[in-house]
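Raw upload_7.txt, compact mmCIF, N, CA, C and O atoms:
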# COMPACT_ATOMS: atom_id res chain seq x y z
N MET W 1 -30.51 64.13 4.58
CA MET W 1 -31.55 63.21 4.17
C MET W 1 -31.34 61.84 4.81
O MET W 1 -32.29 61.22 5.26
N LYS W 2 -30.06 61.37 4.84
CA LYS W 2 -29.83 60.04 5.40
C LYS W 2 -30.05 60.03 6.91
O LYS W 2 -30.39 59.00 7.47
N TYR W 3 -29.87 61.18 7.59
CA TYR W 3 -30.14 61.24 9.02
C TYR W 3 -31.64 61.13 9.31
O TYR W 3 -32.04 60.49 10.27
N ILE W 4 -32.44 61.74 8.45
CA ILE W 4 -33.89 61.65 8.61
C ILE W 4 -34.35 60.22 8.38
O ILE W 4 -35.17 59.70 9.15
N LEU W 5 -33.80 59.57 7.37
CA LEU W 5 -34.14 58.17 7.11
C LEU W 5 -33.73 57.28 8.29
O LEU W 5 -34.48 56.40 8.71
N GLY W 6 -32.55 57.52 8.84
CA GLY W 6 -32.09 56.76 10.00
C GLY W 6 -32.98 56.97 11.20
O GLY W 6 -33.30 56.03 11.94
N LEU W 7 -33.42 58.21 11.42
CA LEU W 7 -34.32 58.52 12.53
C LEU W 7 -35.66 57.82 12.35
O LEU W 7 -36.22 57.27 13.32
N ILE W 8 -36.17 57.80 11.13
CA ILE W 8 -37.44 57.12 10.87
C ILE W 8 -37.32 55.63 11.13
O ILE W 8 -38.20 55.01 11.74
N ILE W 9 -36.20 55.04 10.72
CA ILE W 9 -35.99 53.60 10.96
C ILE W 9 -35.90 53.32 12.45
O ILE W 9 -36.51 52.36 12.95
N VAL W 10 -35.16 54.12 13.19
CA VAL W 10 -35.03 53.92 14.64
C VAL W 10 -36.38 54.07 15.33
O VAL W 10 -36.74 53.25 16.19
N LEU W 11 -37.15 55.08 14.96
CA LEU W 11 -38.47 55.27 15.57
C LEU W 11 -39.40 54.10 15.25
O LEU W 11 -40.16 53.65 16.12
N THR W 12 -39.33 53.59 14.04
CA THR W 12 -40.15 52.44 13.67
C THR W 12 -39.78 51.22 14.50
O THR W 12 -40.66 50.51 15.00
N VAL W 13 -38.49 50.98 14.67
CA VAL W 13 -38.04 49.84 15.47
C VAL W 13 -38.51 49.98 16.91
O VAL W 13 -38.97 49.01 17.53
N VAL W 14 -38.39 51.17 17.47
CA VAL W 14 -38.82 51.40 18.86
C VAL W 14 -40.32 51.19 18.99
O VAL W 14 -40.78 50.53 19.94
N ILE W 15 -41.10 51.72 18.08
CA ILE W 15 -42.56 51.57 18.15
C ILE W 15 -42.96 50.10 18.04
O ILE W 15 -43.80 49.62 18.80
N VAL W 16 -42.33 49.37 17.12
CA VAL W 16 -42.64 47.94 16.98
C VAL W 16 -42.23 47.19 18.25
O VAL W 16 -42.97 46.33 18.74
N GLY W 17 -41.06 47.53 18.81
CA GLY W 17 -40.60 46.88 20.04
C GLY W 17 -41.53 47.12 21.21
O GLY W 17 -41.84 46.21 21.99
N VAL W 18 -41.99 48.36 21.36
CA VAL W 18 -42.92 48.69 22.44
C VAL W 18 -44.25 47.97 22.25
O VAL W 18 -44.84 47.43 23.20
N THR W 19 -44.72 47.90 21.02
CA THR W 19 -45.99 47.22 20.73
C THR W 19 -45.89 45.73 21.04
O THR W 19 -46.78 45.15 21.67
N ILE W 20 -44.80 45.10 20.63
CA ILE W 20 -44.63 43.68 20.91
C ILE W 20 -44.47 43.45 22.41
O ILE W 20 -45.05 42.53 22.97
N GLY W 21 -43.70 44.29 23.06
CA GLY W 21 -43.47 44.14 24.49
C GLY W 21 -44.71 44.36 25.32
O GLY W 21 -44.91 43.71 26.35
N ALA W 22 -45.58 45.25 24.91
CA ALA W 22 -46.78 45.55 25.69
C ALA W 22 -47.78 44.40 25.64
O ALA W 22 -48.58 44.23 26.56
N ASN W 23 -47.76 43.60 24.61
CA ASN W 23 -48.73 42.53 24.46
C ASN W 23 -48.24 41.18 24.97
O ASN W 23 -49.00 40.21 24.92
N ASN W 24 -47.01 41.07 25.44
CA ASN W 24 -46.46 39.79 25.87
C ASN W 24 -45.99 39.88 27.31
O ASN W 24 -44.82 40.09 27.58
N ASP W 25 -46.89 39.70 28.25
CA ASP W 25 -46.52 39.79 29.66
C ASP W 25 -46.57 38.44 30.36
O ASP W 25 -46.59 38.37 31.58
N GLN W 26 -46.55 37.34 29.60
CA GLN W 26 -46.57 36.01 30.20
C GLN W 26 -45.19 35.68 30.77
O GLN W 26 -44.17 36.09 30.24
N LEU W 27 -45.18 34.89 31.85
CA LEU W 27 -43.93 34.41 32.41
C LEU W 27 -43.53 33.12 31.70
O LEU W 27 -44.36 32.24 31.49
N ILE W 28 -42.27 33.04 31.33
CA ILE W 28 -41.77 31.82 30.69
C ILE W 28 -40.49 31.40 31.39
O ILE W 28 -39.83 32.21 32.03
N THR W 29 -40.17 30.13 31.26
CA THR W 29 -38.90 29.63 31.79
C THR W 29 -37.90 29.62 30.65
O THR W 29 -38.12 28.97 29.63
N PHE W 30 -36.83 30.34 30.86
CA PHE W 30 -35.79 30.45 29.82
C PHE W 30 -34.59 29.64 30.27
O PHE W 30 -33.97 29.93 31.29
N ASN W 31 -34.27 28.59 29.53
CA ASN W 31 -33.12 27.74 29.83
C ASN W 31 -31.94 28.19 29.00
O ASN W 31 -32.02 28.26 27.78
N TYR W 32 -30.84 28.50 29.65
CA TYR W 32 -29.61 28.79 28.94
C TYR W 32 -28.54 27.84 29.44
O TYR W 32 -28.81 26.97 30.27
N VAL W 33 -27.33 27.96 28.97
CA VAL W 33 -26.31 26.93 29.13
C VAL W 33 -26.08 26.53 30.59
O VAL W 33 -26.07 25.35 30.92
N ILE W 34 -25.92 27.49 31.49
CA ILE W 34 -25.54 27.13 32.85
C ILE W 34 -26.68 27.22 33.86
O ILE W 34 -26.52 26.78 34.98
N ALA W 35 -27.79 27.80 33.50
CA ALA W 35 -28.88 27.93 34.46
C ALA W 35 -30.20 28.14 33.73
O ALA W 35 -30.27 28.03 32.51
N GLN W 36 -31.23 28.44 34.50
CA GLN W 36 -32.51 28.79 33.91
C GLN W 36 -33.15 29.87 34.79
O GLN W 36 -32.83 29.99 35.96
N SER W 37 -34.01 30.64 34.19
CA SER W 37 -34.70 31.67 34.97
C SER W 37 -36.09 31.88 34.41
O SER W 37 -36.38 31.53 33.26
N GLU W 38 -36.94 32.42 35.25
CA GLU W 38 -38.30 32.72 34.83
C GLU W 38 -38.40 34.23 34.62
O GLU W 38 -38.21 35.01 35.54
N ILE W 39 -38.67 34.61 33.38
CA ILE W 39 -38.76 36.03 33.05
C ILE W 39 -39.98 36.25 32.16
O ILE W 39 -40.55 35.31 31.61
N ARG W 40 -40.36 37.52 32.05
CA ARG W 40 -41.48 37.85 31.17
C ARG W 40 -41.04 37.73 29.71
O ARG W 40 -39.90 38.01 29.37
N LEU W 41 -41.96 37.33 28.88
CA LEU W 41 -41.67 37.16 27.45
C LEU W 41 -41.25 38.48 26.82
O LEU W 41 -40.34 38.52 25.99
N SER W 42 -41.88 39.57 27.22
CA SER W 42 -41.54 40.88 26.65
C SER W 42 -40.10 41.26 26.99
O SER W 42 -39.38 41.82 26.15
N THR W 43 -39.66 40.93 28.20
CA THR W 43 -38.28 41.23 28.59
C THR W 43 -37.30 40.40 27.77
O THR W 43 -36.29 40.91 27.29
N LEU W 44 -37.61 39.12 27.60
CA LEU W 44 -36.74 38.25 26.80
C LEU W 44 -36.65 38.74 25.36
O LEU W 44 -35.56 38.81 24.78
N VAL W 45 -37.79 39.10 24.78
CA VAL W 45 -37.79 39.60 23.40
C VAL W 45 -36.97 40.89 23.30
O VAL W 45 -36.18 41.05 22.38
N ALA W 46 -37.13 41.79 24.26
CA ALA W 46 -36.40 43.06 24.24
C ALA W 46 -34.89 42.83 24.37
O ALA W 46 -34.10 43.44 23.64
N VAL W 47 -34.50 41.94 25.28
CA VAL W 47 -33.07 41.68 25.48
C VAL W 47 -32.46 41.04 24.24
O VAL W 47 -31.39 41.44 23.77
N LEU W 48 -33.11 40.04 23.70
CA LEU W 48 -32.57 39.37 22.51
C LEU W 48 -32.57 40.29 21.29
O LEU W 48 -31.64 40.26 20.49
N PHE W 49 -33.60 41.11 21.16
CA PHE W 49 -33.65 42.07 20.06
C PHE W 49 -32.50 43.08 20.20
O PHE W 49 -31.81 43.39 19.22
N GLY W 50 -32.30 43.59 21.41
CA GLY W 50 -31.21 44.54 21.65
C GLY W 50 -29.85 43.93 21.38
O GLY W 50 -28.98 44.55 20.77
N PHE W 51 -29.67 42.67 21.83
CA PHE W 51 -28.41 41.98 21.57
C PHE W 51 -28.18 41.81 20.07
O PHE W 51 -27.07 42.04 19.58
N GLY W 52 -29.20 41.43 19.35
CA GLY W 52 -29.08 41.27 17.90
C GLY W 52 -28.78 42.59 17.21
O GLY W 52 -27.98 42.65 16.27
N LEU W 53 -29.42 43.66 17.68
CA LEU W 53 -29.19 44.98 17.09
C LEU W 53 -27.75 45.43 17.32
O LEU W 53 -27.08 45.90 16.38
N ILE W 54 -27.26 45.26 18.53
CA ILE W 54 -25.88 45.66 18.84
C ILE W 54 -24.89 44.81 18.05
O ILE W 54 -23.92 45.33 17.48
N LEU W 55 -25.13 43.51 17.98
CA LEU W 55 -24.24 42.63 17.22
C LEU W 55 -24.23 43.01 15.74
O LEU W 55 -23.18 43.06 15.10
N GLY W 56 -25.40 43.32 15.20
CA GLY W 56 -25.48 43.74 13.80
C GLY W 56 -24.73 45.03 13.55
O GLY W 56 -24.02 45.16 12.54
N TRP W 57 -24.86 46.01 14.45
CA TRP W 57 -24.14 47.28 14.30
C TRP W 57 -22.63 47.07 14.39
O TRP W 57 -21.86 47.68 13.65
N LEU W 58 -22.20 46.19 15.32
CA LEU W 58 -20.77 45.92 15.44
C LEU W 58 -20.21 45.28 14.18
O LEU W 58 -19.15 45.70 13.68
N LEU W 59 -20.90 44.29 13.65
CA LEU W 59 -20.42 43.64 12.43
C LEU W 59 -20.41 44.60 11.25
O LEU W 59 -19.46 44.64 10.46
N THR W 60 -21.46 45.40 11.14
CA THR W 60 -21.51 46.39 10.06
C THR W 60 -20.38 47.40 10.21
O THR W 60 -19.73 47.77 9.22
N GLY W 61 -20.13 47.84 11.43
CA GLY W 61 -19.04 48.79 11.68
C GLY W 61 -17.68 48.22 11.33
O GLY W 61 -16.83 48.91 10.77
N ILE W 62 -17.47 46.95 11.66
CA ILE W 62 -16.19 46.31 11.34
C ILE W 62 -15.98 46.26 9.83
O ILE W 62 -14.91 46.61 9.32
N PHE W 63 -17.01 45.82 9.09
CA PHE W 63 -16.87 45.74 7.64
C PHE W 63 -16.73 47.13 7.02
O PHE W 63 -15.99 47.32 6.06
N TYR W 64 -17.44 48.13 7.57
CA TYR W 64 -17.34 49.50 7.07
C TYR W 64 -15.92 50.04 7.28
O TYR W 64 -15.34 50.65 6.38
N LEU W 65 -15.39 49.81 8.47
CA LEU W 65 -14.04 50.28 8.77
C LEU W 65 -13.01 49.59 7.87
O LEU W 65 -12.08 50.23 7.36
N LYS W 66 -13.20 48.30 7.63
CA LYS W 66 -12.29 47.56 6.75
C LYS W 66 -12.32 48.15 5.34
O LYS W 66 -11.27 48.34 4.71
N LEU W 67 -13.51 48.45 4.83
CA LEU W 67 -13.62 49.04 3.50
C LEU W 67 -13.01 50.44 3.44
O LEU W 67 -12.39 50.82 2.44
N LYS W 68 -13.20 51.23 4.50
CA LYS W 68 -12.62 52.57 4.52
C LYS W 68 -11.10 52.51 4.48
O LYS W 68 -10.46 53.29 3.75
N LEU W 69 -10.50 51.60 5.26
CA LEU W 69 -9.05 51.47 5.26
C LEU W 69 -8.55 50.99 3.91
O LEU W 69 -7.52 51.47 3.41
N GLN W 70 -9.27 50.07 3.30
CA GLN W 70 -8.89 49.58 1.98
C GLN W 70 -8.99 50.71 0.95
O GLN W 70 -8.12 50.85 0.08
N ASN W 71 -10.02 51.55 1.06
CA ASN W 71 -10.19 52.67 0.15
C ASN W 71 -9.05 53.68 0.31
O ASN W 71 -8.54 54.21 -0.69
N LEU W 72 -8.64 53.96 1.55
CA LEU W 72 -7.53 54.87 1.77
C LEU W 72 -6.24 54.33 1.14
O LEU W 72 -5.49 55.08 0.50
N ALA W 73 -5.99 53.05 1.32
CA ALA W 73 -4.78 52.45 0.75
C ALA W 73 -4.80 52.52 -0.78
O ALA W 73 -3.78 52.83 -1.41
N LEU W 74 -5.96 52.24 -1.36
CA LEU W 74 -6.06 52.29 -2.83
C LEU W 74 -5.91 53.72 -3.35
O LEU W 74 -5.30 53.94 -4.40
N ASN W 75 -6.46 54.69 -2.63
CA ASN W 75 -6.30 56.09 -3.05
C ASN W 75 -4.84 56.51 -3.00
O ASN W 75 -4.36 57.22 -3.90
N ARG W 76 -4.11 56.10 -1.96
CA ARG W 76 -2.68 56.40 -1.89
C ARG W 76 -1.93 55.75 -3.05
O ARG W 76 -1.04 56.36 -3.66
N ARG W 77 -2.31 54.53 -3.38
CA ARG W 77 -1.65 53.82 -4.48
C ARG W 77 -1.91 54.52 -5.82
O ARG W 77 -1.00 54.67 -6.64
N VAL W 78 -3.15 54.95 -6.05
CA VAL W 78 -3.48 55.66 -7.29
C VAL W 78 -2.71 56.98 -7.37
O VAL W 78 -2.18 57.33 -8.43
N LYS W 79 -2.62 57.68 -6.26
CA LYS W 79 -1.89 58.95 -6.25
C LYS W 79 -0.42 58.74 -6.57
O LYS W 79 0.18 59.46 -7.37
N ARG W 80 0.17 57.71 -5.98
CA ARG W 80 1.59 57.40 -6.22
C ARG W 80 1.81 57.00 -7.68
O ARG W 80 2.75 57.45 -8.33
N GLN W 81 0.91 56.20 -8.23
CA GLN W 81 1.06 55.77 -9.62
C GLN W 81 0.84 56.93 -10.58
O GLN W 81 1.51 57.01 -11.62
N SER W 82 -0.06 57.84 -10.24
CA SER W 82 -0.27 59.03 -11.08
C SER W 82 0.99 59.88 -11.11
O SER W 82 1.37 60.42 -12.16
N GLN W 83 1.65 60.03 -9.96
CA GLN W 83 2.90 60.78 -9.92
C GLN W 83 3.98 60.11 -10.76
O GLN W 83 4.74 60.77 -11.47
N GLN W 84 4.04 58.78 -10.69
CA GLN W 84 5.03 58.05 -11.48
C GLN W 84 4.75 58.21 -12.97
O GLN W 84 5.68 58.39 -13.77
N ILE W 85 3.50 58.15 -13.37
CA ILE W 85 3.14 58.34 -14.78
C ILE W 85 3.51 59.74 -15.24
O ILE W 85 4.05 59.94 -16.34
N THR W 86 3.23 60.73 -14.40
CA THR W 86 3.57 62.11 -14.74
C THR W 86 5.08 62.28 -14.91
O THR W 86 5.55 62.93 -15.85
N GLU W 87 5.84 61.66 -14.03
CA GLU W 87 7.30 61.75 -14.11
C GLU W 87 7.82 61.08 -15.39
O GLU W 87 8.77 61.55 -16.00
N LEU W 88 7.20 59.98 -15.76
CA LEU W 88 7.67 59.24 -16.95
C LEU W 88 7.25 59.91 -18.26
O LEU W 88 7.93 59.76 -19.28
N THR W 89 6.14 60.63 -18.27
CA THR W 89 5.66 61.21 -19.53
C THR W 89 6.10 62.65 -19.76
O THR W 89 6.01 63.13 -20.89
N THR W 90 6.56 63.32 -18.74
CA THR W 90 7.04 64.71 -18.97
C THR W 90 8.46 64.67 -19.54
O THR W 90 9.31 63.93 -19.07
N PRO W 91 8.68 65.48 -20.59
CA PRO W 91 10.03 65.50 -21.18
C PRO W 91 11.02 66.19 -20.23
O PRO W 91 10.67 67.15 -19.56
N LYS W 92 12.18 65.62 -20.20
CA LYS W 92 13.21 66.17 -19.30
C LYS W 92 14.06 67.20 -20.06
O LYS W 92 14.42 67.00 -21.21
N ALA W 93 14.35 68.28 -19.40
CA ALA W 93 15.18 69.32 -20.02
C ALA W 93 16.64 68.93 -19.86
O ALA W 93 17.08 68.51 -18.81
N GLU W 94 17.41 69.11 -20.93
CA GLU W 94 18.82 68.73 -20.90
C GLU W 94 19.71 69.93 -20.79
O GLU W 94 19.52 71.00 -21.11
Please rewrite the model in this file as structure tokens.
Amino acid sequence: MKYILGLIIVLTVVIVGVTIGANNDQLITFNYVIAQSEIRLSTLVAVLFGFGLILGWLLTGIFYLKLKLQNLALNRRVKRQSQQITELTTPKAE
């Protein structure tokens, strides 16, 4: 189900991107830190959108990985503490 939802979101983003790009064919001057260039508005929108999308996925992936590692550590800790509780509560045979 989540793969279908992801596919629908990706298709929606692509369709919106193509629609925006098809309607913006004006040339603009884009000034950045060290130079400037004249490019089509649709190209600029596509590049900046793609950069934002990749940056968002990277940040999300970093936080997801951090949470997964934290979850693994906590699961190991719970397992170790459960073993300690079991050892302390079982009566020892003499």
Discussion item. Among chain W, which ones does DSSP assign to alpha helix (DSSP H) (computed from the backbone)? Answer as a PyMOL selection string.
Written reply: chain W and resi 2-23+41-89
Using all atoms of stretch 16-35 of chain W that appear in the file, construct an axis-aligned enclosing box with 6 Å of padding on every side and provide its centre coordinates and edge lengths in Å, rounded to one decimal, as AutoDock Vina command-line options.
--center_x -37.3 --center_y 37.4 --center_z 26.0 --size_x 35.5 --size_y 36.0 --size_z 30.0
Discussion item. Report, in Å to a single decimal, how far apart atom CA of W:Asn24 and atom O of W:Arg40 are.
Written reply: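 Atom CA of W:Asn24 lies 7.6 Å from atom O of W:Arg40.
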Practice prompt. Select from stretch 8-86 of chain W everything DSSP, run on the backbone, classes as strand (DSSP E), then give the selection as a list of chain:residue names.
Written response: W:Leu27, W:Ile28, W:Thr29, W:Phe30, W:Asn31, W:Gln36, W:Ser37, W:Glu38, W:Ile39, W:Arg40
Write the residues of the preceding selection, restricted to N, CA, C and O atoms, as a PDB file, in the coordinates of the input.
ATOM      1  N   LEU W  27     -45.180  34.890  31.850  1.00  0.00           N
ATOM      2  CA  LEU W  27     -43.930  34.410  32.410  1.00  0.00           C
ATOM      3  C   LEU W  27     -43.530  33.120  31.700  1.00  0.00           C
ATOM      4  O   LEU W  27     -44.360  32.240  31.490  1.00  0.00           O
ATOM      5  N   ILE W  28     -42.270  33.040  31.330  1.00  0.00           N
ATOM      6  CA  ILE W  28     -41.770  31.820  30.690  1.00  0.00           C
ATOM      7  C   ILE W  28     -40.490  31.400  31.390  1.00  0.00           C
ATOM      8  O   ILE W  28     -39.830  32.210  32.030  1.00  0.00           O
ATOM      9  N   THR W  29     -40.170  30.130  31.260  1.00  0.00           N
ATOM     10  CA  THR W  29     -38.900  29.630  31.790  1.00  0.00           C
ATOM     11  C   THR W  29     -37.900  29.620  30.650  1.00  0.00           C
ATOM     12  O   THR W  29     -38.120  28.970  29.630  1.00  0.00           O
ATOM     13  N   PHE W  30     -36.830  30.340  30.860  1.00  0.00           N
ATOM     14  CA  PHE W  30     -35.790  30.450  29.820  1.00  0.00           C
ATOM     15  C   PHE W  30     -34.590  29.640  30.270  1.00  0.00           C
ATOM     16  O   PHE W  30     -33.970  29.930  31.290  1.00  0.00           O
ATOM     17  N   ASN W  31     -34.270  28.590  29.530  1.00  0.00           N
ATOM     18  CA  ASN W  31     -33.120  27.740  29.830  1.00  0.00           C
ATOM     19  C   ASN W  31     -31.940  28.190  29.000  1.00  0.00           C
ATOM     20  O   ASN W  31     -32.020  28.260  27.780  1.00  0.00           O
ATOM     21  N   GLN W  36     -31.230  28.440  34.500  1.00  0.00           N
ATOM     22  CA  GLN W  36     -32.510  28.790  33.910  1.00  0.00           C
ATOM     23  C   GLN W  36     -33.150  29.870  34.790  1.00  0.00           C
ATOM     24  O   GLN W  36     -32.830  29.990  35.960  1.00  0.00           O
ATOM     25  N   SER W  37     -34.010  30.640  34.190  1.00  0.00           N
ATOM     26  CA  SER W  37     -34.700  31.670  34.970  1.00  0.00           C
ATOM     27  C   SER W  37     -36.090  31.880  34.410  1.00  0.00           C
ATOM     28  O   SER W  37     -36.380  31.530  33.260  1.00  0.00           O
ATOM     29  N   GLU W  38     -36.940  32.420  35.250  1.00  0.00           N
ATOM     30  CA  GLU W  38     -38.300  32.720  34.830  1.00  0.00           C
ATOM     31  C   GLU W  38     -38.400  34.230  34.620  1.00  0.00           C
ATOM     32  O   GLU W  38     -38.210  35.010  35.540  1.00  0.00           O
ATOM     33  N   ILE W  39     -38.670  34.610  33.380  1.00  0.00           N
ATOM     34  CA  ILE W  39     -38.760  36.030  33.050  1.00  0.00           C
ATOM     35  C   ILE W  39     -39.980  36.250  32.160  1.00  0.00           C
ATOM     36  O   ILE W  39     -40.550  35.310  31.610  1.00  0.00           O
ATOM     37  N   ARG W  40     -40.360  37.520  32.050  1.00  0.00           N
ATOM     38  CA  ARG W  40     -41.480  37.850  31.170  1.00  0.00           C
ATOM     39  C   ARG W  40     -41.040  37.730  29.710  1.00  0.00           C
ATOM     40  O   ARG W  40     -39.900  38.010  29.370  1.00  0.00           O
TER      41      ARG W  40
END
Worksheet item: Nearest to W:Ala22: which of W:Ile9, W:Leu72, W:Leu41, W:Ala35 is it, counting only C-alpha atoms?
Response: W:Leu41
Worksheet item: Could you work out how far atom C of W:Leu55 lies from atom N of W:Leu67, giving the answer in Å with one decimal?
Response: 16.2 Å
Discussion item. Quick check, in Å to one decimal: how far apart do atom CA of W:Phe51 and atom CA of W:Leu69 lie?
Written reply: 27.0 Å
Practice prompt. Return the single residue from W:Arg77, W:Tyr3, W:Ile39, W:Phe49 that is closest to W:Val16, with distances computed using only C-alpha atoms.
Written response: W:Phe49
Worksheet item: Which of these residues is nearest to W:Ile20, using only C-alpha atoms: W:Leu44, W:Met1, W:Glu38, W:Ser82?
Response: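 Among W:Leu44, W:Met1, W:Glu38, W:Ser82, it is W:Leu44 that comes nearest to W:Ile20.
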Worksheet item: So which residues touch W:Thr19 within 12 Å, counting only C-alpha atoms, skipping near sequence neighbours fewer than 6 positions away, as a list in words?
Response: Thr12, Val13, Asp25, Ser42, Val45 and Ala46 of chain W
